[in-house]
Amino acid sequence: MQEISKSQSILKDVHEAIILGIGKDLENTTLNSDRIDKKIVHKKIIENVIISHPIELDKEKNVYRTKVIVDPTHKFFFDHELSHLPGMLLIEAVRQFGTALSHLFFNAPFDSQFILHEVSSKFIGGADIKYETFIDGIFTDIVMKKGKPRKLSGTAYIHQNGQIIGSIASSWLIIPNKVLTHLTKFH
């Protein structure tokens, strides 16, 4: 088996993103800088919501976009001087993006628990705090049960000024509270 170097892996991600049109047509899409409703991303405090309301770019390919809302006074993400966006902020933005898409576009019920199954990040370059940051995401695997999503997998591409600066692949389970309660009785 031939090993793939990190630079080859990043080039493969960039190639896939180019094919999907990730980071393109920013001037033709309308995204505002208002935070999405905190309930949709499972947050209690609005200051911890770090994405705007996502839009659908390509229904057939399941491609979506959101804008990262950056607050340089945020006590957790910016507790020291930075000229770039922290990786943890970008990972949380992708988590919120996936959660929002699950509810808005796949009708995931709110009486469910979202359980992160896997996450993998690759960064090509730093995200400069001076520029707007966007996330384009594509779902690569969708498992439905009784018309509701039970498992979602996808890749999110982070970009600034039309240039991809990183990707985060993840998968998560969506388990109805009543099912989770039933399952935990046996542990």
# chains A, B, ... in the order shown; residues from 1 in each chain; ligands from 1
>>> closest_atom_pairs(of="region 105-124 of chain A", to="region 139-159 of chain A", cutoff="9 Å", atoms="only C-alpha atoms", output="tab-separated table")
residue	atom	partner	partner_atom	distance
A:Phe106	CA	A:Pro149	CA	6.5
A:Asn107	CA	A:Lys148	CA	6.5
A:Ala108	CA	A:Pro149	CA	5.9
A:Pro109	CA	A:Lys148	CA	7.6
A:Glu118	CA	A:Ser153	CA	8.9
A:Phe123	CA	A:Ile158	CA	8.8
>>> write_last_selection(atoms="N, CA and C atoms", output="PDB file, in the first residue's frame")
ATOM      1  N   PHE A 106     -32.467  18.929   6.663  1.00  0.00           N
ATOM      2  CA  PHE A 106     -32.750  17.496   6.759  1.00  0.00           C
ATOM      3  C   PHE A 106     -33.780  17.175   7.835  1.00  0.00           C
ATOM      4  N   ASN A 107     -34.367  18.231   8.422  1.00  0.00           N
ATOM      5  CA  ASN A 107     -35.475  18.071   9.361  1.00  0.00           C
ATOM      6  C   ASN A 107     -35.124  17.213  10.579  1.00  0.00           C
ATOM      7  N   ALA A 108     -33.916  17.349  11.083  1.00  0.00           N
ATOM      8  CA  ALA A 108     -33.544  16.635  12.308  1.00  0.00           C
ATOM      9  C   ALA A 108     -34.378  17.172  13.462  1.00  0.00           C
ATOM     10  N   PRO A 109     -34.969  16.282  14.257  1.00  0.00           N
ATOM     11  CA  PRO A 109     -35.814  16.740  15.366  1.00  0.00           C
ATOM     12  C   PRO A 109     -34.981  17.379  16.483  1.00  0.00           C
ATOM     13  N   GLU A 118     -16.846  11.258  14.599  1.00  0.00           N
ATOM     14  CA  GLU A 118     -15.488  11.374  14.078  1.00  0.00           C
ATOM     15  C   GLU A 118     -15.267  12.801  13.585  1.00  0.00           C
ATOM     16  N   PHE A 123      -5.311  21.929   7.859  1.00  0.00           N
ATOM     17  CA  PHE A 123      -5.216  23.342   7.548  1.00  0.00           C
ATOM     18  C   PHE A 123      -4.029  23.575   6.622  1.00  0.00           C
TER      19      PHE A 123
END
>>> select_by_dssp(residues="region 101-169 of chain A", states="strand (DSSP E)", output="JSON, numbers by chain")
{"A": [112, 113, 114, 115, 116, 117, 118, 119, 120, 121, 122, 123, 134, 135, 136, 137, 138, 139, 140, 141, 142, 143, 144, 145, 148, 149, 150, 151, 152, 153, 154, 155, 156, 157, 158, 159, 160, 163, 164, 165, 166, 167, 168, 169]}
>>> residues_around(residues="region 64-72 of chain A", least_positions_apart="3", cutoff="6 Å", atoms="only C-alpha atoms", output="list in words")
Ile50, Ile51, Ser52, Pro54, Ile55, Glu56, Leu57, Phe78, Thr133, Phe134, Ile135, Asp136 and Gly137 of chain A
>>> closest_residue(among="A:Ala169, A:Ile174, A:Val179, A:Leu82", to="Gly126 (chain A)", atoms="only C-alpha atoms")
A:Leu82
